[in-house]
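Worksheet for the structure shown next.
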Amino acid sequence: MTEQKPWFSQVHPGWWVLLAFLIIYPWISSNFFTYQIGGYTLILGMIALSLMILAGYGGMVSLAQITVAGFAAYALPIFGSNSVGVLGLGWPVWVLYPFAILTAALFSTLVGLISVRTEGIYTIMITLAIAVSFFFFALQNYALFNGFQGFSGVDAPTFWGIYWRDPTPFYYLCLACAVFFFCATLYGARSTFGLTLQAIRDNPRRMSALGYNVIAHRVYAFFLAGIVAGTAGVLLVLFNGRVSPGTVGVDIAIDILVIAVVGGLRHPIGPFLGALAFVLLENFAIDLIDRERFNTVIGMAFLLVVFFSPDGLYGLWQKAAAKLRRRDIHGAKPTAESQQEQSQADLA
Amino acid sequence: MFTKSKLLASSVLALSLATTSAWAEDIKMGAIAVLEGAFAVLGEDSMRGVEMALEEFGYSAGGKKIELIKQSSDASPDSAVRGARKLVEQDGVQVLVGPLSGSEGIAIKDYSKTQPNVTFVNGSSGAQDTTLREPSENFFRFNTEGAQWMAGLGEYVYNEKGYRSLAVVSEDYSFPYTQVFGFLEPFCRLGGTAPQDARFYVPIGNKDYSSVIAALPDDVDAIYVALGGADAVNFLTQYDQAGGDLPLIGGSITVDQTVLGSKGRTRDFVIGTPSAGPISDTWDDPRWQAFVAKYQELFPDGFPSPSLFAHAYYINTKAALLAIDEVGGDLSDGGAKMREVLANLEFETPTGMVKLDERRQAIGSIFLTEVVEGPDGNLLNKTIKVTENVNQTLGVDYEKFLEYGAVSRENPQCE
Amino acid sequence: MILAVVLIWMIFAIWPEWLIDTLGRKKTFVITLLNGLTLAGLYFLVASGFTLVFGLMRNVNLAHGAMYLLGGYIGYEVAERTGSWFFGVIVAFVTLAIIGVILQLLVFRRMQGDDLRQTLVTIGISIVAADLMLATWSGTTYQFLIPEWLDSSTELPIISAIRSSGQAVFIKYPSYRLFMLVIAIAIGVALWLFLNRTKLGMMVRAGVDDREMLEATGVNVNLIFAMVFAIGAGLAGFAGVIGGTALSIAPGEDVRYLLASLVVVIVGGMGSVTGAAIGALLIGLAESFGLAYFPTYGVLLTFLIMIGVLAFRPQGLMGQA
């Protein structure tokens with residue numbers, strides 16, 4: 001907390017402009033743009049952010065982040081209320097939401113425990129397999145998950161006289177969560193834990209030899225990412241008003257990966273950029289191109305990014321900004337920060 | 001940089017498209033179907049149905065031009081609702097046609113309750129609960145649904161074929177449950193049995209049926225198969241290879257043209273398989289024949305004959321257009337008058353007269369068919385019988401029908 | 001050992017009443033067992049290529065499923081045009097092997113040593129490939145014409161029941177599925193011989209154990225990489241025709257076989273061909289028995305096995321720690 005003040009003054013003015021824009025956004029856009037573009041982008045962005053935390057700082061690409069979000073999403077109709085007449089234990093909101101987020105985080109921890117014990121590259125396969133098992137379990141189980149149909153009629157709460165699914169309140173709710181996790185990620189990355197995690201990503205053997213508990217750090221990262229994904233899951237089920245196995249399908253898991261990678265895995269803004277691009281394409285692609293080949297467009301964009309700009313949209317933005325800066329200060333030596341970025345880019 | 005600027009350009013373009021096309025005079029109609037992924041073929045045929053109806057009206061009704069805006073879903077309810085929301089809240093459609101599949105239908109019905117000034121007509125979705133339980137005031141379905149489609153089949157195999165006990169092989173989700181229910185309910189009421197341990201519900205996407213086939217009992221008279229598309233093709237081939245010799249009974253999409261016409265060896269052993277559904281390719285009625293001819297003329301690259309998806313989208317779109325025509329294109333009251341007309345609408349479709357019940361669900365004709373060998377050695381469905389005025393509650397009254405309970409793996413008990 | 005004896009007894013003996021009461025008919029059991037074995041054969045064909053590539057290059061080729069499906073489609077087109085199923089199998093193998101080499105040379109070599117990026121590229125490739133295949137071959141289901149001599153049932157020397165007349169009823173089983181098992185065993189043996197008895201194979205094994213060391217001894221690693229990738233991709237295409245003939249080819253099969261390979265390889269141990277065989281056997285049997293005896297959750301059995309293995313032996317049954 002004491003560090004907050006100097007950190008505060010270091011923030012680039014661009015971020016304040018962005019924040020101000022995001023705050024006035026609902027006033028200058030239609031309900032549709034506030035809710036379906038704005039809200040949904042922030043939700044997808046948060047799920048992708050949880051992947052970015054694991055992949056960017058921990059070097060662990062998890063395809064089970066939508067599963068973690070889905071875990072929280074399913075908790076709402078199961079323990080709260082729904083309109084399909086299966087379960088719905090009617091817990092009050094203030095118990096239900098923290099509970100949903102916490103169980104999702106614990107589930108994420110479990111995923112971490114299973115998948116991080118082996119070499120890094122295994123993580124991607126094991127998490128994919130876990131995502132698929134959860135999908136099939138939700139699909140086949142009627143007693144708890146209501147099978148193929150899933151749950152509908154999940155309502156948003158009303159308090160302080162506000163109905164939280166109305167576009168503007170819902171958008172602000174998403175924005176508050178997103179900004180909080182965004183800042184927490186930036187802050188956490190510079191904390192002792194964050195730095196250790198990044199060191200482990202770069203050289204697990206050395207860190208282990210230095211006496212760091214590599215597995216514990218990785219699993220804890222899964223727990224933290226689980227909180228982010230779980231919160232996004234709660235918002236997702238409020239957004240859709242429903243949840244079914246399709247919400248946690250393999251294709252969605254891949255979409256999340258595409259969003260995170262296309263946006264950029266090096267800065268927490270990346271996943272949100274990726275989510276914005278994805279949501280705009282999903283909604284408006286049909287007006288411009290044949291929707292039939294939507295997946296080719298998405299896949300090609302993904303390939304191009306992996307090939308030519310490993311840091312995604314964020315990387316492109318930075319390169320452009322760096323060029324401008326170089327033009328401004330001729331002959332200036334590269335700063336320590338940009339050097340560090342360079343070395344990270346080599347690793348990524 | 002390229003990707004980013006392109007994206008920006010596209011979204012800006014999209015925005016301007018959305019704002020400039022707001023003609024005050026036109027009526028905007030949205031249509032949503034699955035236009036991506038493995039079901040895209042069906043979604044495209046659905047859109048052909050919509051276009052056929054619009055073509056018939058010259059893209060105008062009640063003196064107003066009708067502007068069609070399409071949207072795609074990926075067959076998941078979440079994406080169907082997002083697509084509908086875009087059409088309603090962004091593009092401002094006043095009438096929405098769709099969606100394609102059952103669980104999407106339930107999701108859109110739920111969404112329609114939040115948009116009381118928009119009129120929703122179904123596409124081809126056939127889940128029972130869309131109109132049976134907690135129906136929506138502004139959601140109309142002029143096509144019949146999964147349980148109705150089985151009308152007459154249970155009685156037919158009991159009385160004519162003399163089957164008394166059956167095994168069931170079905171995909172494991174709500175649409176086949178509905179079909180199993182619609183088929184077994186009359187069959188069991190007559191005295192037939194389908195024991196629980198002879199019902200095999202196989203997860204969707206499973207392709208290896210050999211073990212299910214091995215576990216099928218020998219002491220039943222026939223097997224009721226409620227599988228569709230690739231799953232049906234696989235089951236039929238493997239059943240043949242395993243030397244299976246029990247007669248089969250088909251669900252509405254088990255022995256349809258897509259399965260009978262699939263690439264590979266013709267499966268002679270399916271000849272004689274009865275099934276039932278909302279259309280029959282070979283029905284010789286002039287109304288149907290004219291519909292098929294029109295379809296073939298408009299869409300030379302379409303299917304040889306319109307699918308049940310094209311048919312359902314066609315009649316739903318046509319119903320909407322008839323209602324718009326009736327109110328003289330006046331939707332200024334949020335479509336209230338139009339919906340009143342829709343609720344009482346009775347009109348002629350390629351498959352006979354259709355009207356709605358009090359929950360805005362179609363009462364229409366169902367075709368009982370049997371697979372026969374066609375003149376060129378290809379397999380066809382021959383029309384055996386047309387049952388008219390099939391309602392959703394299968395002839396019993398609403399309260400009593402609800403007592404049967406929701407469709408599930410075990411419903412009806414039928415021991 | 002005892003288990004094996006019991007199993008053999010269960011296959012050949014005529015079942016007493018109490019056993020039928022607990023397990024159902026003998027026919028169901030024996031056929032399910034055969035289904036499991038033949039399915040394991042198919043899984044082995046798909047997974048062996050996958051594990052080989054991973055073992056040497058640390059490249060988790062998530063486009064392996066797409067290669068399977070593409071092999072199936074190509075094999076179908078060729079078989080349809082030439083009328084020869086065998087020709088279709090060969091062309092599918094060769095085409096996919098060539099595609100594999102091209103991918104290795106143009107794509108993966110450029111990101112050598114960057115495992116994660118290679119894996120991400122394969123995901124991108126599989127997304128695009130799946131969509132383009134859908135555009136080319138549409139959503140229709142394709143089925144091969146099985147060669148005439150395989151398109152029947154074989155009577156096995158296993159008695160399923162004795163009729164009241166005293167006549168024994170023998171179990172019949174589709175010949176093609178038996179053929180599939182034979183092919184899988186033959187490929188397995190050939191791979192084993194290649195890896196253990198040839199100089200090239202030894203280099204590959206050396207590469208699996210220590211890539212840097214092999215490079216240091218002056219071996220042209222790139223050539224070996226390209227070759228192994230060719231074999232891996234070729235096997236996927238080959239399996240596409242073999243599996244597509246037993247079942248069918250349709251969109252979505254790519255993901256199915258990718259998952260099957262993943263689970264088989266995770267259970268068996270990454271990089272080990274023997275592990276792939278063991279994993280395939282376990283998963284094939286689990287899937288078949290799951291479907292026959294408890295269809296609702298049968299599909300989950302395979303994943304439970306996987307998670308169980310991971311909990312106790314994270315590197316897989318035959319994997320090196």
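Labels used: A, B, ... for chains in the order of the structure tokens, numbers from 1 for residues in each chain, and numbers from 1 for ligands as shown.
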Apply DSSP to the backbone of this structure and, from segment 47-263 of chain A, keep only the residues in strand (DSSP E); write these as a PyMOL selection string.
-> chain A and resi 158-159+162-163
Residues from the last selection, N, CA and C atoms, saved as a tab-separated table (two decimals), in the first residue's frame:
```
chain	number	residue	atom	x	y	z
A	158	THR	N	-30.68	-7.63	-7.88
A	158	THR	CA	-31.04	-6.22	-7.80
A	158	THR	C	-30.66	-5.74	-6.41
A	159	PHE	N	-29.74	-4.83	-6.32
A	159	PHE	CA	-29.52	-4.17	-5.02
A	159	PHE	C	-29.08	-2.73	-5.25
A	162	ILE	N	-30.61	-1.07	-8.14
A	162	ILE	CA	-30.14	-1.22	-9.53
A	162	ILE	C	-30.28	-2.67	-9.95
A	163	TYR	N	-30.82	-2.88	-11.13
A	163	TYR	CA	-30.86	-4.22	-11.69
A	163	TYR	C	-29.58	-4.42	-12.48
```
Determine which residues of chain B sit within 10 Å of chain C, taking into account only C-alpha atoms, and present them as number ranges by chain.
-> B: 36-42, 172, 199-203, 205-217, 229-235, 237-238, 240-243, 258-259, 261-265
For the selection you just gave me, I'd like the residues written to a file as a tab-separated table (two decimals), in the first residue's frame, keeping C-alpha atoms.
```tsv
chain	number	residue	atom	x	y	z
B	36	GLU	CA	-20.61	-22.01	-39.68
B	37	GLY	CA	-19.15	-25.33	-38.61
B	38	ALA	CA	-20.36	-28.79	-39.48
B	39	PHE	CA	-24.04	-27.83	-39.55
B	40	ALA	CA	-23.50	-24.96	-42.00
B	41	VAL	CA	-25.02	-27.05	-44.79
B	42	LEU	CA	-28.29	-27.20	-42.87
B	172	ASP	CA	-27.87	-38.59	-25.60
B	199	ARG	CA	-32.26	-48.31	-24.14
B	200	PHE	CA	-28.85	-47.16	-25.21
B	201	TYR	CA	-28.15	-43.44	-25.07
B	202	VAL	CA	-24.86	-42.76	-26.76
B	203	PRO	CA	-23.00	-39.45	-26.36
B	205	GLY	CA	-20.19	-37.54	-31.71
B	206	ASN	CA	-19.49	-41.15	-30.83
B	207	LYS	CA	-18.68	-42.98	-34.04
B	208	ASP	CA	-17.95	-46.50	-32.87
B	209	TYR	CA	-21.27	-48.22	-32.28
B	210	SER	CA	-19.89	-51.75	-32.44
B	211	SER	CA	-19.94	-52.20	-28.68
B	212	VAL	CA	-23.47	-50.85	-28.39
B	213	ILE	CA	-24.49	-53.24	-31.14
B	214	ALA	CA	-22.88	-56.12	-29.25
B	215	ALA	CA	-24.84	-55.21	-26.16
B	216	LEU	CA	-28.22	-55.04	-27.94
B	217	PRO	CA	-30.57	-57.75	-26.72
B	229	GLY	CA	-26.35	-37.51	-39.84
B	230	ALA	CA	-22.93	-39.11	-39.51
B	231	ASP	CA	-23.97	-40.99	-36.37
B	232	ALA	CA	-26.84	-42.66	-38.22
B	233	VAL	CA	-24.64	-43.58	-41.17
B	234	ASN	CA	-22.08	-45.12	-38.84
B	235	PHE	CA	-24.61	-47.08	-36.87
B	237	THR	CA	-23.02	-49.57	-41.55
B	238	GLN	CA	-21.68	-51.14	-38.41
B	240	ASP	CA	-24.84	-54.34	-41.17
B	241	GLN	CA	-21.20	-55.41	-40.79
B	242	ALA	CA	-21.89	-57.06	-37.46
B	243	GLY	CA	-24.53	-59.18	-39.22
B	258	THR	CA	-28.84	-37.03	-46.14
B	259	VAL	CA	-28.36	-40.48	-44.61
B	261	GLY	CA	-27.84	-40.58	-50.00
B	262	SER	CA	-24.53	-40.57	-48.09
B	263	LYS	CA	-21.42	-41.51	-50.00
B	264	GLY	CA	-20.67	-45.19	-49.70
B	265	ARG	CA	-22.27	-48.57	-50.14
```
Would you give me, as JSON, numbers by chain, the residues of chain B that come within 6 Å of chain A, using only C-alpha atoms?
-> {"B": [35, 36, 76, 89, 90, 173]}
Between atom CA of Gly45 of chain A and atom CA of Val111 of chain A, measure the distance and give it in Å to one decimal.
->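 Spanning atom CA of Gly45 of chain A to atom CA of Val111 of chain A is a straight-line distance of 20.8 Å.
Comparing the minimum interatomic distances between chain A and each of C:Ile187, C:Leu317, C:Leu62, C:Ala226, counting only C-alpha atoms, we find that C:Leu62 sits nearest.
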Restrict the distance test to only C-alpha atoms, flag each residue of chain A within 10 Å of chain C, and return the flagged residues as a PyMOL selection string.
-> chain A and resi 55+59-61+113-122+124-126+128-130+132-137+139-141+250-251+254+257-258+261+292-307+310+346-348
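When atom CA of Ala48 of chain A is paired with atom CA of Pro99 of chain B, their separation reads 29.1 Å.
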Using only C-alpha atoms, which residues sit within 8 Å of Lys28 of chain B once same-chain residues fewer than 6 positions away are excluded, as a tab-separated table (two decimals) with C-alpha atoms, in the first residue's frame?
```
chain	number	residue	atom	x	y	z
B	66	ILE	CA	-38.82	-6.08	-46.32
B	67	GLU	CA	-35.12	-5.87	-45.61
B	68	LEU	CA	-33.53	-9.17	-44.63
B	69	ILE	CA	-30.55	-9.19	-42.25
B	92	GLY	CA	-33.25	-2.95	-35.01
B	93	VAL	CA	-35.19	-5.78	-36.62
B	94	GLN	CA	-38.90	-5.88	-35.81
B	95	VAL	CA	-39.39	-9.49	-36.78
```
Between B:Gly377, B:Pro77, B:Gly83, B:Gly123, single out the one closest to Ile106 of chain B, counting only C-alpha atoms.
-> B:Pro77
Can you pull out every residue within 6 Å of segment 271-283 of chain B, counting only C-alpha atoms, but drop anything in the same chain fewer than 3 positions away, and send it as a list of chain:residue names?
-> B:Trp149, B:Met150, B:Leu248, B:Ile249, B:Gly250, B:Gly251, B:Ser252, B:Asp268, B:Ile366, B:Phe367, B:Leu368, B:Thr369, B:Glu370, B:Val371, B:Val372, B:Thr383
Now that the selection is made, can you save its residues with C-alpha atoms as a short mmCIF file (atom, residue, chain, number, x, y, z; two decimals), in the first residue's frame?
```
data_model
loop_
_atom_site.label_atom_id
_atom_site.label_comp_id
_atom_site.auth_asym_id
_atom_site.auth_seq_id
_atom_site.Cartn_x
_atom_site.Cartn_y
_atom_site.Cartn_z
CA TRP B 149 -43.01 -35.66 -35.70
CA MET B 150 -43.41 -39.20 -34.41
CA LEU B 248 -35.25 -51.09 -37.61
CA ILE B 249 -37.57 -48.13 -36.92
CA GLY B 250 -36.21 -44.70 -37.68
CA GLY B 251 -36.45 -41.31 -35.99
CA SER B 252 -37.20 -38.28 -38.17
CA ASP B 268 -30.20 -52.46 -48.75
CA ILE B 366 -47.12 -35.45 -40.03
CA PHE B 367 -45.97 -38.00 -42.61
CA LEU B 368 -45.51 -41.67 -41.98
CA THR B 369 -42.96 -43.05 -44.42
CA GLU B 370 -41.13 -46.24 -45.25
CA VAL B 371 -37.80 -46.72 -47.03
CA VAL B 372 -38.23 -48.26 -50.49
CA THR B 383 -45.33 -41.86 -48.01
#
```
Name the residues of segment 83-287 of chain C that come out as alpha helix (DSSP H) in a backbone DSSP run; write them as a ChimeraX atom specification.
-> /C:85-106,115-137,175-197,199-209,211-216,221-246,253-268,273-287
Could you check which of A:Leu96, A:Leu144, A:Ala260, A:Ala72 is closest to Met46 of chain A, using only C-alpha atoms?
-> A:Ala260
Nearby residues (only C-alpha atoms) at most 6 Å from segment 65-70 of chain C, same-chain spacing under 2 positions excluded, as number ranges by chain | C: 63, 72-73, 126, 236-237, 240, 254-255, 257-258
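If you count only C-alpha atoms and ignore residues fewer than 5 places along the chain from Ser165 of chain B, what sits within 6 Å of it is Gly192, Thr193, Ala194, Val220 and Asp221 of chain B.
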Looking at B:Met353, B:Gly191, B:Thr317, B:Leu236, which one is nearest to Ile32 of chain B, with distances taken over only C-alpha atoms?
->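 Among B:Met353, B:Gly191, B:Thr317, B:Leu236, it is B:Thr317 that comes nearest to Ile32 of chain B.
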Can you pull out every residue within 12 Å of Cys183 of chain A, counting only C-alpha atoms, but drop anything in the same chain fewer than 5 positions away, and send it as a ChimeraX atom specification?
-> /A:4,7-8,11,15,19,49,175-178,188-190,267-269
